[in-house]
$ cat model.csv   # CSV, C-alpha atoms and all ligand atoms
chain,number,residue,atom,x,y,z
B,291,MET,CA,109.6,89.4,66.3
B,292,LEU,CA,113.3,90.2,66.3
B,293,GLN,CA,114.4,93.9,66.3
B,294,GLU,CA,116.9,94.9,63.7
B,295,PHE,CA,119.9,97.1,64.0
B,296,ILE,CA,119.2,100.7,62.8
B,297,ALA,CA,122.2,102.3,61.2
B,298,GLU,CA,121.5,105.8,62.5
B,299,ASN,CA,122.0,104.4,66.1
B,300,GLU,CA,125.7,103.6,65.3
B,301,THR,CA,126.8,107.2,66.1
B,302,ILE,CA,124.5,108.1,69.1
B,303,SER,CA,125.7,109.6,72.3
B,304,ILE,CA,124.7,108.0,75.6
B,305,PHE,CA,124.5,109.7,79.0
B,306,VAL,CA,126.2,107.7,81.7
B,307,GLY,CA,126.8,109.0,85.2
B,308,GLY,CA,126.7,112.7,84.4
B,309,LYS,CA,128.4,112.8,80.9
B,310,LEU,CA,127.6,112.0,77.3
B,311,TYR,CA,129.8,109.4,75.6
B,312,PRO,CA,129.8,108.0,72.0
B,313,ARG,CA,128.0,104.7,71.8
B,314,HIS,CA,131.2,102.5,71.9
B,315,GLU,CA,132.6,104.4,74.9
B,316,ALA,CA,129.4,104.4,77.0
B,317,LYS,CA,130.1,101.9,79.8
B,318,VAL,CA,129.5,101.1,83.5
B,319,SER,CA,132.1,99.6,85.8
B,320,VAL,CA,132.3,95.9,86.4
B,321,PHE,CA,131.7,96.8,90.0
B,322,ASP,CA,128.4,98.4,89.2
B,323,SER,CA,125.3,96.9,90.9
B,324,VAL,CA,123.6,96.3,87.7
B,325,VAL,CA,126.4,94.0,86.6
B,326,GLN,CA,126.7,92.4,90.0
B,327,GLY,CA,123.0,91.7,90.7
B,328,GLY,CA,120.7,93.3,88.2
B,329,ASP,CA,120.3,95.9,91.0
B,330,ALA,CA,118.8,98.8,89.1
B,331,VAL,CA,115.5,100.3,88.0
B,332,TRP,CA,114.4,101.4,84.6
B,333,GLU,CA,111.9,103.0,82.3
B,334,GLY,CA,111.1,103.0,78.6
B,335,LEU,CA,109.8,106.3,77.2
B,336,ARG,CA,108.9,107.5,73.8
B,337,VAL,CA,109.4,110.7,71.9
B,338,TYR,CA,106.8,111.8,69.4
B,339,ASN,CA,106.5,115.0,67.5
B,340,GLY,CA,109.1,117.0,69.6
B,341,LYS,CA,107.6,115.8,73.0
B,342,ILE,CA,108.3,113.2,75.6
B,343,PHE,CA,105.1,111.2,76.2
B,344,CYS,CA,104.0,110.7,79.8
B,345,PHE,CA,107.3,112.1,81.1
B,346,ASN,CA,106.2,112.8,84.7
B,347,GLU,CA,104.5,109.4,85.0
B,348,HIS,CA,107.6,107.5,83.9
B,349,LEU,CA,109.9,109.5,86.2
B,350,ALA,CA,107.6,109.0,89.1
B,351,ARG,CA,107.6,105.3,88.6
B,352,LEU,CA,111.4,105.2,88.3
B,353,GLN,CA,111.7,107.1,91.5
B,354,SER,CA,109.1,104.9,93.3
B,355,SER,CA,110.9,101.7,92.2
B,356,ALA,CA,114.2,103.1,93.4
B,357,LYS,CA,112.6,104.1,96.8
B,358,THR,CA,111.2,100.6,97.2
B,359,LEU,CA,114.7,99.1,96.6
B,360,ALA,CA,116.0,101.6,99.2
B,361,PHE,CA,118.3,103.5,96.9
B,362,THR,CA,119.7,106.3,99.1
B,363,ASP,CA,120.4,109.0,96.5
B,364,ILE,CA,117.6,109.0,94.0
B,365,PRO,CA,118.2,111.9,91.5
B,366,ALA,CA,115.7,114.7,91.5
B,367,THR,CA,113.1,114.9,88.8
B,368,GLU,CA,114.7,118.1,87.3
B,369,TYR,CA,118.1,116.4,87.1
B,370,ILE,CA,116.7,113.4,85.2
B,371,LYS,CA,114.7,115.6,82.9
B,372,ASP,CA,117.8,117.7,82.1
B,373,ALA,CA,119.8,114.6,81.4
B,374,ILE,CA,117.2,113.2,79.0
B,375,LYS,CA,116.7,116.5,77.2
B,376,LYS,CA,120.4,117.0,76.8
B,377,THR,CA,120.8,113.5,75.4
B,378,LEU,CA,118.0,113.9,72.9
B,379,LYS,CA,119.3,117.3,71.7
B,380,ALA,CA,122.8,115.9,71.3
B,381,ASN,CA,121.4,113.2,69.1
B,382,GLN,CA,119.0,115.4,67.3
B,383,MET,CA,116.2,113.0,68.3
B,384,PHE,CA,112.9,114.8,68.2
B,385,THR,CA,110.5,112.1,67.1
B,386,ASP,CA,110.3,108.3,66.7
B,387,ALA,CA,112.8,107.7,69.4
B,388,HIS,CA,112.8,105.4,72.4
B,389,ILE,CA,114.6,106.1,75.6
B,390,ARG,CA,115.8,103.4,77.9
B,391,LEU,CA,116.4,105.1,81.2
B,392,THR,CA,118.2,103.2,83.9
B,393,LEU,CA,119.2,104.1,87.4
B,394,THR,CA,121.7,101.7,88.9
B,395,ARG,CA,122.6,101.6,92.6
B,396,GLY,CA,126.1,102.5,91.4
B,397,GLU,CA,129.6,101.2,91.8
B,398,LYS,CA,130.6,99.0,94.7
B,399,ILE,CA,133.9,99.3,96.6
B,400,THR,CA,134.3,95.5,96.2
B,401,SER,CA,132.1,92.8,94.7
B,402,GLY,CA,129.3,91.7,96.9
B,403,MET,CA,125.6,91.8,97.5
B,404,ASP,CA,125.4,94.3,100.3
B,405,PRO,CA,124.1,97.8,99.3
B,406,ARG,CA,126.3,99.3,102.0
B,407,LEU,CA,129.2,98.5,99.5
B,408,ASN,CA,127.7,101.1,97.2
B,409,GLN,CA,129.6,104.2,98.3
B,410,LYS,CA,129.9,106.1,95.0
B,411,GLY,CA,126.4,107.1,94.4
B,412,SER,CA,123.8,105.9,92.0
B,413,CYS,CA,124.4,106.0,88.2
B,414,LEU,CA,121.9,107.4,85.7
B,415,ILE,CA,122.0,106.1,82.1
B,416,VAL,CA,120.0,107.7,79.3
B,417,LEU,CA,120.1,105.5,76.2
B,418,ALA,CA,118.0,107.1,73.5
B,419,GLU,CA,117.7,105.3,70.1
B,420,PHE,CA,115.8,105.8,66.9
B,421,LYS,CA,113.3,103.0,67.3
B,422,PRO,CA,109.8,102.7,65.9
B,423,PRO,CA,107.3,100.5,67.8
B,424,VAL,CA,108.9,97.0,67.8
B,425,TYR,CA,105.9,94.8,66.8
B,426,ASP,CA,104.0,94.6,63.6
B,427,ASN,CA,100.9,96.4,64.7
B,428,THR,CA,99.1,95.8,61.4
B,429,LYS,CA,99.4,92.0,61.3
B,430,GLY,CA,99.6,91.6,65.1
B,431,VAL,CA,101.4,89.0,67.2
B,432,LYS,CA,101.2,85.4,68.1
B,433,LEU,CA,101.5,84.4,71.7
B,434,ILE,CA,102.0,81.2,73.7
B,435,THR,CA,101.4,80.7,77.4
B,436,SER,CA,104.6,80.3,79.3
B,437,HIS,CA,105.0,77.9,82.2
B,438,ILE,CA,107.0,80.6,84.0
B,439,ARG,CA,104.8,82.5,86.4
B,440,ARG,CA,104.9,86.3,86.7
B,441,ASN,CA,106.2,87.4,90.1
B,442,SER,CA,103.5,88.1,92.7
B,443,PRO,CA,104.0,90.5,95.6
B,444,ALA,CA,105.0,87.4,97.7
B,445,HIS,CA,108.2,87.2,95.6
B,446,LEU,CA,109.7,90.0,93.7
B,447,ASP,CA,106.8,92.4,93.4
B,448,SER,CA,106.1,93.2,89.7
B,449,LYS,CA,105.2,96.7,90.7
B,450,ILE,CA,108.9,97.4,91.0
B,451,HIS,CA,110.3,98.1,87.5
B,452,HIS,CA,113.7,96.6,88.2
B,453,ASN,CA,116.4,95.2,86.0
B,454,ASN,CA,116.3,91.7,87.4
B,455,LEU,CA,114.4,90.6,84.2
B,456,LEU,CA,115.2,86.8,84.2
B,457,ASN,CA,111.6,86.0,85.0
B,458,ASN,CA,110.5,87.7,81.8
B,459,ILE,CA,113.5,86.6,79.8
B,460,LEU,CA,112.8,82.9,80.5
B,461,ALA,CA,109.2,83.3,79.3
B,462,LYS,CA,110.5,85.1,76.1
B,463,ILE,CA,112.9,82.2,75.5
B,464,GLU,CA,110.0,79.8,75.6
B,465,ALA,CA,108.1,82.0,73.1
B,466,ASN,CA,111.2,82.0,70.8
B,467,TYR,CA,111.4,78.1,71.0
B,468,CYS,CA,107.8,77.9,70.1
B,469,GLY,CA,108.0,80.3,67.1
B,470,ALA,CA,105.8,82.9,68.9
B,471,ASP,CA,106.3,86.6,69.2
B,472,ASP,CA,105.9,86.8,73.0
B,473,ALA,CA,104.6,84.7,75.9
B,474,ILE,CA,101.7,85.2,78.2
B,475,MET,CA,102.6,84.8,81.9
B,476,LEU,CA,100.1,83.6,84.4
B,477,ASP,CA,100.0,84.6,88.1
B,478,ASN,CA,100.3,82.2,91.1
B,479,LEU,CA,96.7,81.3,90.9
B,480,GLY,CA,96.8,80.5,87.1
B,481,PHE,CA,95.1,83.7,85.9
B,482,VAL,CA,96.6,85.7,83.1
B,483,SER,CA,98.9,88.4,84.3
B,484,GLU,CA,100.6,90.0,81.3
B,485,THR,CA,103.1,89.1,78.6
B,486,ASN,CA,106.9,89.0,79.1
B,487,GLY,CA,107.0,92.7,78.1
B,488,CYS,CA,103.6,94.2,77.9
B,489,ASN,CA,100.2,94.4,79.5
B,490,ILE,CA,97.3,92.5,78.0
B,491,PHE,CA,93.6,93.4,77.2
B,492,MET,CA,90.7,91.4,75.8
B,493,VAL,CA,87.3,92.4,74.4
B,494,LYS,CA,84.2,90.3,74.8
B,495,ASN,CA,80.7,91.3,73.9
B,496,GLY,CA,81.6,95.0,73.8
B,497,VAL,CA,83.3,95.0,77.2
B,498,LEU,CA,87.0,95.7,77.6
B,499,LEU,CA,88.8,93.6,80.2
B,500,THR,CA,92.3,93.5,81.6
B,501,PRO,CA,93.8,91.5,84.5
B,502,ASN,CA,93.9,93.1,88.0
B,503,ALA,CA,97.3,94.7,88.5
B,504,ASP,CA,98.3,92.2,91.1
B,505,SER,CA,101.1,90.3,89.4
B,506,CYS,CA,101.7,92.6,86.4
B,507,LEU,CA,103.5,95.9,86.0
B,508,PRO,CA,100.8,98.6,86.2
B,509,GLY,CA,101.8,99.9,82.8
B,510,ILE,CA,101.5,103.6,81.8
B,511,THR,CA,100.1,102.6,78.4
B,512,ARG,CA,97.7,100.4,80.2
B,513,SER,CA,96.5,103.3,82.2
B,514,ILE,CA,96.2,105.5,79.1
B,515,VAL,CA,94.0,102.8,77.5
B,516,LEU,CA,91.8,102.7,80.6
B,517,ARG,CA,91.5,106.4,80.4
B,518,ILE,CA,90.6,106.4,76.7
B,519,ALA,CA,88.0,103.6,77.4
B,520,ASP,CA,86.4,105.8,80.1
B,521,GLU,CA,86.4,108.9,77.8
B,522,LEU,CA,84.8,106.9,75.0
B,523,SER,CA,82.3,105.3,77.4
B,524,ILE,CA,83.5,101.8,76.6
B,525,PRO,CA,82.4,99.4,79.4
B,526,MET,CA,85.6,98.3,81.2
B,527,LEU,CA,86.5,95.7,83.9
B,528,GLN,CA,89.6,94.8,85.7
B,529,ARG,CA,89.3,91.3,87.2
B,530,ASN,CA,90.9,87.9,87.3
B,531,ILE,CA,90.8,86.5,83.7
B,532,SER,CA,91.6,82.9,82.7
B,533,ILE,CA,93.5,81.8,79.6
B,534,ALA,CA,90.3,80.1,78.4
B,535,GLU,CA,88.6,83.5,78.3
B,536,PHE,CA,91.4,84.9,76.3
B,537,TYR,CA,91.1,82.0,73.7
B,538,ASN,CA,87.4,83.0,73.2
B,539,ALA,CA,87.8,86.7,73.2
B,540,HIS,CA,86.6,88.8,70.3
B,541,GLU,CA,89.7,90.9,70.3
B,542,VAL,CA,93.0,90.7,72.2
B,543,PHE,CA,95.8,93.3,72.3
B,544,THR,CA,98.9,94.1,74.3
B,545,THR,CA,100.0,97.5,75.5
B,546,GLY,CA,103.4,99.0,76.3
B,547,THR,CA,105.7,101.9,75.4
B,548,ILE,CA,107.9,99.6,73.4
B,549,GLY,CA,105.2,98.5,71.0
B,550,GLU,CA,102.2,100.8,71.7
B,551,LEU,CA,98.9,98.9,71.0
B,552,THR,CA,99.4,95.5,69.3
B,553,PRO,CA,96.7,93.2,68.2
B,554,VAL,CA,97.1,89.5,69.1
B,555,TYR,CA,95.9,87.1,66.4
B,556,GLU,CA,96.7,83.8,68.0
B,557,ILE,CA,97.2,82.3,71.5
B,558,ASP,CA,98.5,78.7,72.0
B,559,GLY,CA,97.3,77.8,68.5
B,560,ARG,CA,93.8,79.3,69.0
B,561,LYS,CA,92.9,82.0,66.5
B,562,ILE,CA,91.4,85.1,68.0
B,563,GLU,CA,88.2,85.5,66.0
B,564,ASN,CA,86.1,88.7,66.2
B,565,LYS,CA,82.6,87.3,65.8
B,566,SER,CA,81.1,90.6,67.0
B,567,GLN,CA,80.3,93.8,65.2
B,568,ASN,CA,82.6,95.8,67.4
B,569,LYS,CA,86.1,97.0,66.6
B,570,LEU,CA,87.1,98.4,69.9
B,571,LEU,CA,90.8,98.2,69.4
B,572,GLU,CA,90.5,100.3,66.3
B,573,LYS,CA,88.6,103.0,68.2
B,574,ILE,CA,91.0,103.0,71.2
B,575,ASN,CA,94.0,103.0,68.9
B,576,ALA,CA,92.8,106.0,67.0
B,577,ALA,CA,92.4,107.9,70.2
B,578,PHE,CA,95.8,106.7,71.4
B,579,LYS,CA,97.5,107.9,68.2
B,580,SER,CA,96.0,111.3,68.5
B,581,LEU,CA,97.0,111.6,72.2
B,582,ILE,CA,100.7,110.7,71.5
B,583,GLN,CA,100.8,113.5,68.9
B,584,THR,CA,99.4,116.1,71.2
B,585,GLU,CA,100.3,115.3,74.8
B,586,GLY,CA,103.8,115.2,76.3
B,587,GLU,CA,106.5,117.5,77.5
B,588,GLN,CA,108.3,119.6,74.9
B,589,ILE,CA,112.0,118.8,74.6
B,590,ASP,CA,113.1,122.5,74.2
Z,601,LIG,C1,106.7,93.4,82.1
Z,601,LIG,C2,106.2,94.7,81.5
Z,601,LIG,N1,104.8,94.8,81.4
Z,601,LIG,C3,104.3,95.9,80.9
Z,601,LIG,C4,105.1,97.0,80.4
Z,601,LIG,C5,104.4,98.2,79.8
Z,601,LIG,O1,104.5,99.3,80.6
Z,601,LIG,P1,104.4,100.7,80.0
Z,601,LIG,O2,103.1,100.8,79.3
Z,601,LIG,O3,104.5,101.6,81.2
Z,601,LIG,O4,105.5,100.9,79.0
Z,601,LIG,C6,106.4,96.9,80.5
Z,601,LIG,C7,107.3,98.0,80.1
Z,601,LIG,O5,108.4,98.1,80.5
Z,601,LIG,C8,107.0,95.7,81.1
Z,601,LIG,O6,108.3,95.6,81.2

$ encode --input "model.csv" --output "structure tokens" --more "lines below"
Ligand SMILES: Cc1ncc(COP(=O)(O)O)c(C=O)c1O
Amino acid sequence: MLQEFIAENETISIFVGGKLYPRHEAKVSVFDSVVQGGDAVWEGLRVYNGKIFCFNEHLARLQSSAKTLAFTDIPATEYIKDAIKKTLKANQMFTDAHIRLTLTRGEKITSGMDPRLNQKGSCLIVLAEFKPPVYDNTKGVKLITSHIRRNSPAHLDSKIHHNNLLNNILAKIEANYCGADDAIMLDNLGFVSETNGCNIFMVKNGVLLTPNADSCLPGITRSIVLRIADELSIPMLQRNISIAEFYNAHEVFTTGTIGELTPVYEIDGRKIENKSQNKLLEKINAAFKSLIQTEGEQID
């Protein structure tokens, strides 16, 4: 899976630190914390049918991540909402758009690690692009298991949605070398955590299972899937799951704002074979597709 350049994105305007700039002029300083140490937090959001999906949930997670990293001037929700809506309107983006929202700790007075050098305030970036879901959700994806472990709370807690993404990027590089679309990352104990960019679910004998949110990001799409399962009375469990269980699952799929719900057809060379009568992904996906068209905060 390699995303392609979309010509319409050549002329977009991007919000950086309070102002909109044309794509090629949108920049941060070389003294910015994100350049110096990946010291920033981020969210990916989607726009469907004139509405921003799960807007409040994404902004709350951005602000919590920034609080955990002890940012001292986290912008208020209304400020961030205005910045996003202004960017979408400037770009005439009212559907099928993806927003990469970043809050950096801002510019430092000199290079260095110490956050006390950040004396110019945090920097909000709203990068909205025309971008359909990035995976082939009809064919599905092929995964391998990476030898890179997903961060546990003992290291850099995966509950912080930060820009220090090398843990995931190393796993993605492994997937690329293996000719796979993405990589499954295990936790410290060897249980499945998530993929390098999405949460993961499996179905066995009519039960929907997903790993405990110990070493993975507790994704917003993941929580929507759990909500749908509850509404559809689908039995559901969150527990430690081994890779052997995933190889023998009836259905496997990943979830995330970037790709929505994506079937997995192969893991480490093992085909995922649905030997049951159930098609739970199809049911859950139908409910998800209807939610994204109806729920969300209006752009105007
Ligand atoms: C590592 C990782 N897992 C899962 C997700 C999915 O989260 P969400 O459903 O909130 O987009 C993301 C999204 O950024 C991610 O980076």

$ residues_around --input "model.csv" --residues "Trp332 of chain B" --least-positions-apart "4" --cutoff "7 Å" --atoms "only C-alpha atoms" --output "PyMOL selection string"
chain B and resi 352+391-393+451-453

$ residues_near_ligand --input "model.csv" --ligand "ligand LIG 601 (chain Z)" --cutoff "7 Å" --atoms "all atoms listed in the file" --output "ChimeraX atom specification"
/B:333-334,458,484-489,506-512,545-548

$ atom_distance --input "model.csv" --atom1 "atom CA of Ala360 of chain B" --atom2 "atom CA of Ser323 of chain B"
13.3 Å

$ closest_residue --input "model.csv" --among "B:Ile434, B:Asp329, B:His445, B:Met475" --to "Pro405 of chain B" --atoms "all atoms listed in the file"
B:Asp329

$ residues_around --input "model.csv" --residues "Lys398 of chain B" --least-positions-apart "4" --cutoff "12 Å" --atoms "only C-alpha atoms" --output "PyMOL selection string"
chain B and resi 318-327+329+394+402-413

$ atom_distance --input "model.csv" --atom1 "atom CA of Ser401 of chain B" --atom2 "atom CA of Ala366 of chain B"
27.5 Å

$ atom_distance --input "model.csv" --atom1 "atom CA of Phe536 of chain B" --atom2 "atom CA of Gln567 of chain B"
18.0 Å

$ closest_residue --input "model.csv" --among "B:Lys421, B:Arg440, B:Lys432, B:Lys494" --to "Asp472 of chain B" --atoms "all atoms listed in the file"
B:Lys432

$ residues_near_point --input "model.csv" --point "(110.3, 111.5, 66.6)" --cutoff "8 Å" --atoms "only C-alpha atoms" --output "number ranges by chain"
B: 337-340, 383-387, 420

$ residues_around --input "model.csv" --residues "Lys309 of chain B" --least-positions-apart "2" --cutoff "10 Å" --atoms "all atoms listed in the file" --output "number ranges by chain"
B: 303-307, 311, 316, 373, 376-377, 414-416

$ closest_residue --input "model.csv" --among "B:Ala577, B:Gln588, B:Leu498, B:Asn538" --to "Pro525 of chain B" --atoms "all atoms listed in the file"
B:Leu498

$ residues_around --input "model.csv" --residues "Gly430 of chain B" --least-positions-apart "3" --cutoff "12 Å" --atoms "all atoms listed in the file" --output "ChimeraX atom specification"
/B:291,424-427,433,470-472,541-545,549-557,561-562,571

$ closest_residue --input "model.csv" --among "B:Pro365, B:Gly480, B:Gly469, B:Pro423" --to "Gln353 of chain B" --atoms "all atoms listed in the file"
B:Pro365

$ closest_residue --input "model.csv" --among "B:Lys429, B:Glu419, B:Leu378, B:Asp363" --to "Ile296 of chain B" --atoms "only C-alpha atoms"
B:Glu419

$ closest_residue --input "model.csv" --among "B:Val482, B:Ile589, B:Leu446, B:Leu516" --to "Tyr537 of chain B" --atoms "only C-alpha atoms"
B:Val482

$ residues_around --input "model.csv" --residues "Ile531 of chain B" --least-positions-apart "5" --cutoff "9 Å" --atoms "only C-alpha atoms" --output "number ranges by chain"
B: 481-483, 499-502, 536

$ decode --input "model.csv" --residues "segment 377-468 of chain B" --atoms "C-alpha atoms" --output "JSON list (two decimals), in the first residue's frame"
[["chain", "number", "residue", "atom", "x", "y", "z"],
["B", 377, "THR", "CA", -9.01, 25.67, 6.78],
["B", 378, "LEU", "CA", -11.71, 23.41, 5.37],
["B", 379, "LYS", "CA", -13.72, 26.37, 4.08],
["B", 380, "ALA", "CA", -10.65, 27.98, 2.50],
["B", 381, "ASN", "CA", -10.02, 24.71, 0.65],
["B", 382, "GLN", "CA", -13.68, 24.05, -0.17],
["B", 383, "MET", "CA", -13.32, 20.65, 1.49],
["B", 384, "PHE", "CA", -16.67, 19.38, 2.60],
["B", 385, "THR", "CA", -16.34, 15.66, 2.09],
["B", 386, "ASP", "CA", -13.75, 12.91, 1.53],
["B", 387, "ALA", "CA", -11.06, 14.93, 3.24],
["B", 388, "HIS", "CA", -8.54, 13.95, 5.89],
["B", 389, "ILE", "CA", -7.18, 16.39, 8.45],
["B", 390, "ARG", "CA", -3.75, 15.91, 9.95],
["B", 391, "LEU", "CA", -3.92, 18.08, 13.06],
["B", 392, "THR", "CA", -0.63, 18.71, 14.86],
["B", 393, "LEU", "CA", 0.21, 20.69, 17.97],
["B", 394, "THR", "CA", 3.94, 21.21, 18.45],
["B", 395, "ARG", "CA", 5.49, 22.51, 21.65],
["B", 396, "GLY", "CA", 6.57, 25.43, 19.46],
["B", 397, "GLU", "CA", 9.76, 27.25, 18.66],
["B", 398, "LYS", "CA", 12.79, 27.11, 20.98],
["B", 399, "ILE", "CA", 15.08, 30.05, 21.72],
["B", 400, "THR", "CA", 18.05, 27.80, 20.93],
["B", 401, "SER", "CA", 18.39, 24.14, 19.99],
["B", 402, "GLY", "CA", 18.11, 21.77, 22.94],
["B", 403, "MET", "CA", 15.88, 19.25, 24.61],
["B", 404, "ASP", "CA", 14.65, 21.29, 27.58],
["B", 405, "PRO", "CA", 11.00, 22.40, 27.22],
["B", 406, "ARG", "CA", 11.90, 25.56, 29.16],
["B", 407, "LEU", "CA", 13.57, 26.70, 25.92],
["B", 408, "ASN", "CA", 10.10, 26.85, 24.36],
["B", 409, "GLN", "CA", 9.21, 30.45, 25.05],
["B", 410, "LYS", "CA", 7.17, 31.33, 21.97],
["B", 411, "GLY", "CA", 4.05, 29.27, 22.53],
["B", 412, "SER", "CA", 2.78, 26.07, 20.99],
["B", 413, "CYS", "CA", 2.14, 25.86, 17.25],
["B", 414, "LEU", "CA", -1.07, 24.46, 15.78],
["B", 415, "ILE", "CA", -0.95, 23.00, 12.26],
["B", 416, "VAL", "CA", -4.08, 22.06, 10.32],
["B", 417, "LEU", "CA", -3.18, 20.09, 7.21],
["B", 418, "ALA", "CA", -6.36, 19.12, 5.39],
["B", 419, "GLU", "CA", -6.10, 17.08, 2.19],
["B", 420, "PHE", "CA", -8.44, 15.41, -0.25],
["B", 421, "LYS", "CA", -7.78, 11.80, 0.72],
["B", 422, "PRO", "CA", -9.97, 8.73, 0.45],
["B", 423, "PRO", "CA", -9.36, 5.84, 2.89],
["B", 424, "VAL", "CA", -5.80, 4.71, 2.18],
["B", 425, "TYR", "CA", -6.24, 0.91, 2.05],
["B", 426, "ASP", "CA", -7.99, -1.27, -0.49],
["B", 427, "ASN", "CA", -10.95, -2.10, 1.73],
["B", 428, "THR", "CA", -12.41, -4.48, -0.87],
["B", 429, "LYS", "CA", -9.40, -6.72, -1.36],
["B", 430, "GLY", "CA", -8.03, -6.14, 2.13],
["B", 431, "VAL", "CA", -4.45, -6.08, 3.35],
["B", 432, "LYS", "CA", -1.61, -8.49, 3.99],
["B", 433, "LEU", "CA", 0.23, -8.18, 7.31],
["B", 434, "ILE", "CA", 3.44, -9.51, 8.76],
["B", 435, "THR", "CA", 4.46, -9.55, 12.41],
["B", 436, "SER", "CA", 7.22, -7.09, 13.17],
["B", 437, "HIS", "CA", 10.02, -7.83, 15.63],
["B", 438, "ILE", "CA", 9.64, -4.23, 16.90],
["B", 439, "ARG", "CA", 7.50, -4.19, 20.05],
["B", 440, "ARG", "CA", 4.81, -1.56, 20.55],
["B", 441, "ASN", "CA", 5.57, 0.80, 23.43],
["B", 442, "SER", "CA", 4.14, -0.24, 26.78],
["B", 443, "PRO", "CA", 3.35, 2.25, 29.56],
["B", 444, "ALA", "CA", 6.81, 1.33, 30.96],
["B", 445, "HIS", "CA", 8.39, 3.16, 28.03],
["B", 446, "LEU", "CA", 6.65, 5.77, 25.91],
["B", 447, "ASP", "CA", 2.99, 5.12, 26.70],
["B", 448, "SER", "CA", 1.06, 4.38, 23.49],
["B", 449, "LYS", "CA", -1.88, 6.28, 24.98],
["B", 450, "ILE", "CA", -0.03, 9.48, 24.13],
["B", 451, "HIS", "CA", -0.69, 10.29, 20.49],
["B", 452, "HIS", "CA", 2.71, 11.89, 19.89],
["B", 453, "ASN", "CA", 4.87, 12.57, 16.86],
["B", 454, "ASN", "CA", 7.76, 10.42, 17.98],
["B", 455, "LEU", "CA", 6.68, 7.76, 15.50],
["B", 456, "LEU", "CA", 9.92, 5.83, 14.95],
["B", 457, "ASN", "CA", 8.61, 2.81, 16.84],
["B", 458, "ASN", "CA", 5.83, 2.46, 14.25],
["B", 459, "ILE", "CA", 7.97, 3.56, 11.30],
["B", 460, "LEU", "CA", 10.52, 0.78, 11.97],
["B", 461, "ALA", "CA", 7.67, -1.75, 11.92],
["B", 462, "LYS", "CA", 6.34, -0.25, 8.67],
["B", 463, "ILE", "CA", 9.81, -0.51, 7.10],
["B", 464, "GLU", "CA", 9.82, -4.21, 7.99],
["B", 465, "ALA", "CA", 6.42, -4.61, 6.29],
["B", 466, "ASN", "CA", 7.75, -2.82, 3.20],
["B", 467, "TYR", "CA", 10.78, -5.14, 2.98],
["B", 468, "CYS", "CA", 8.48, -8.15, 3.28]]
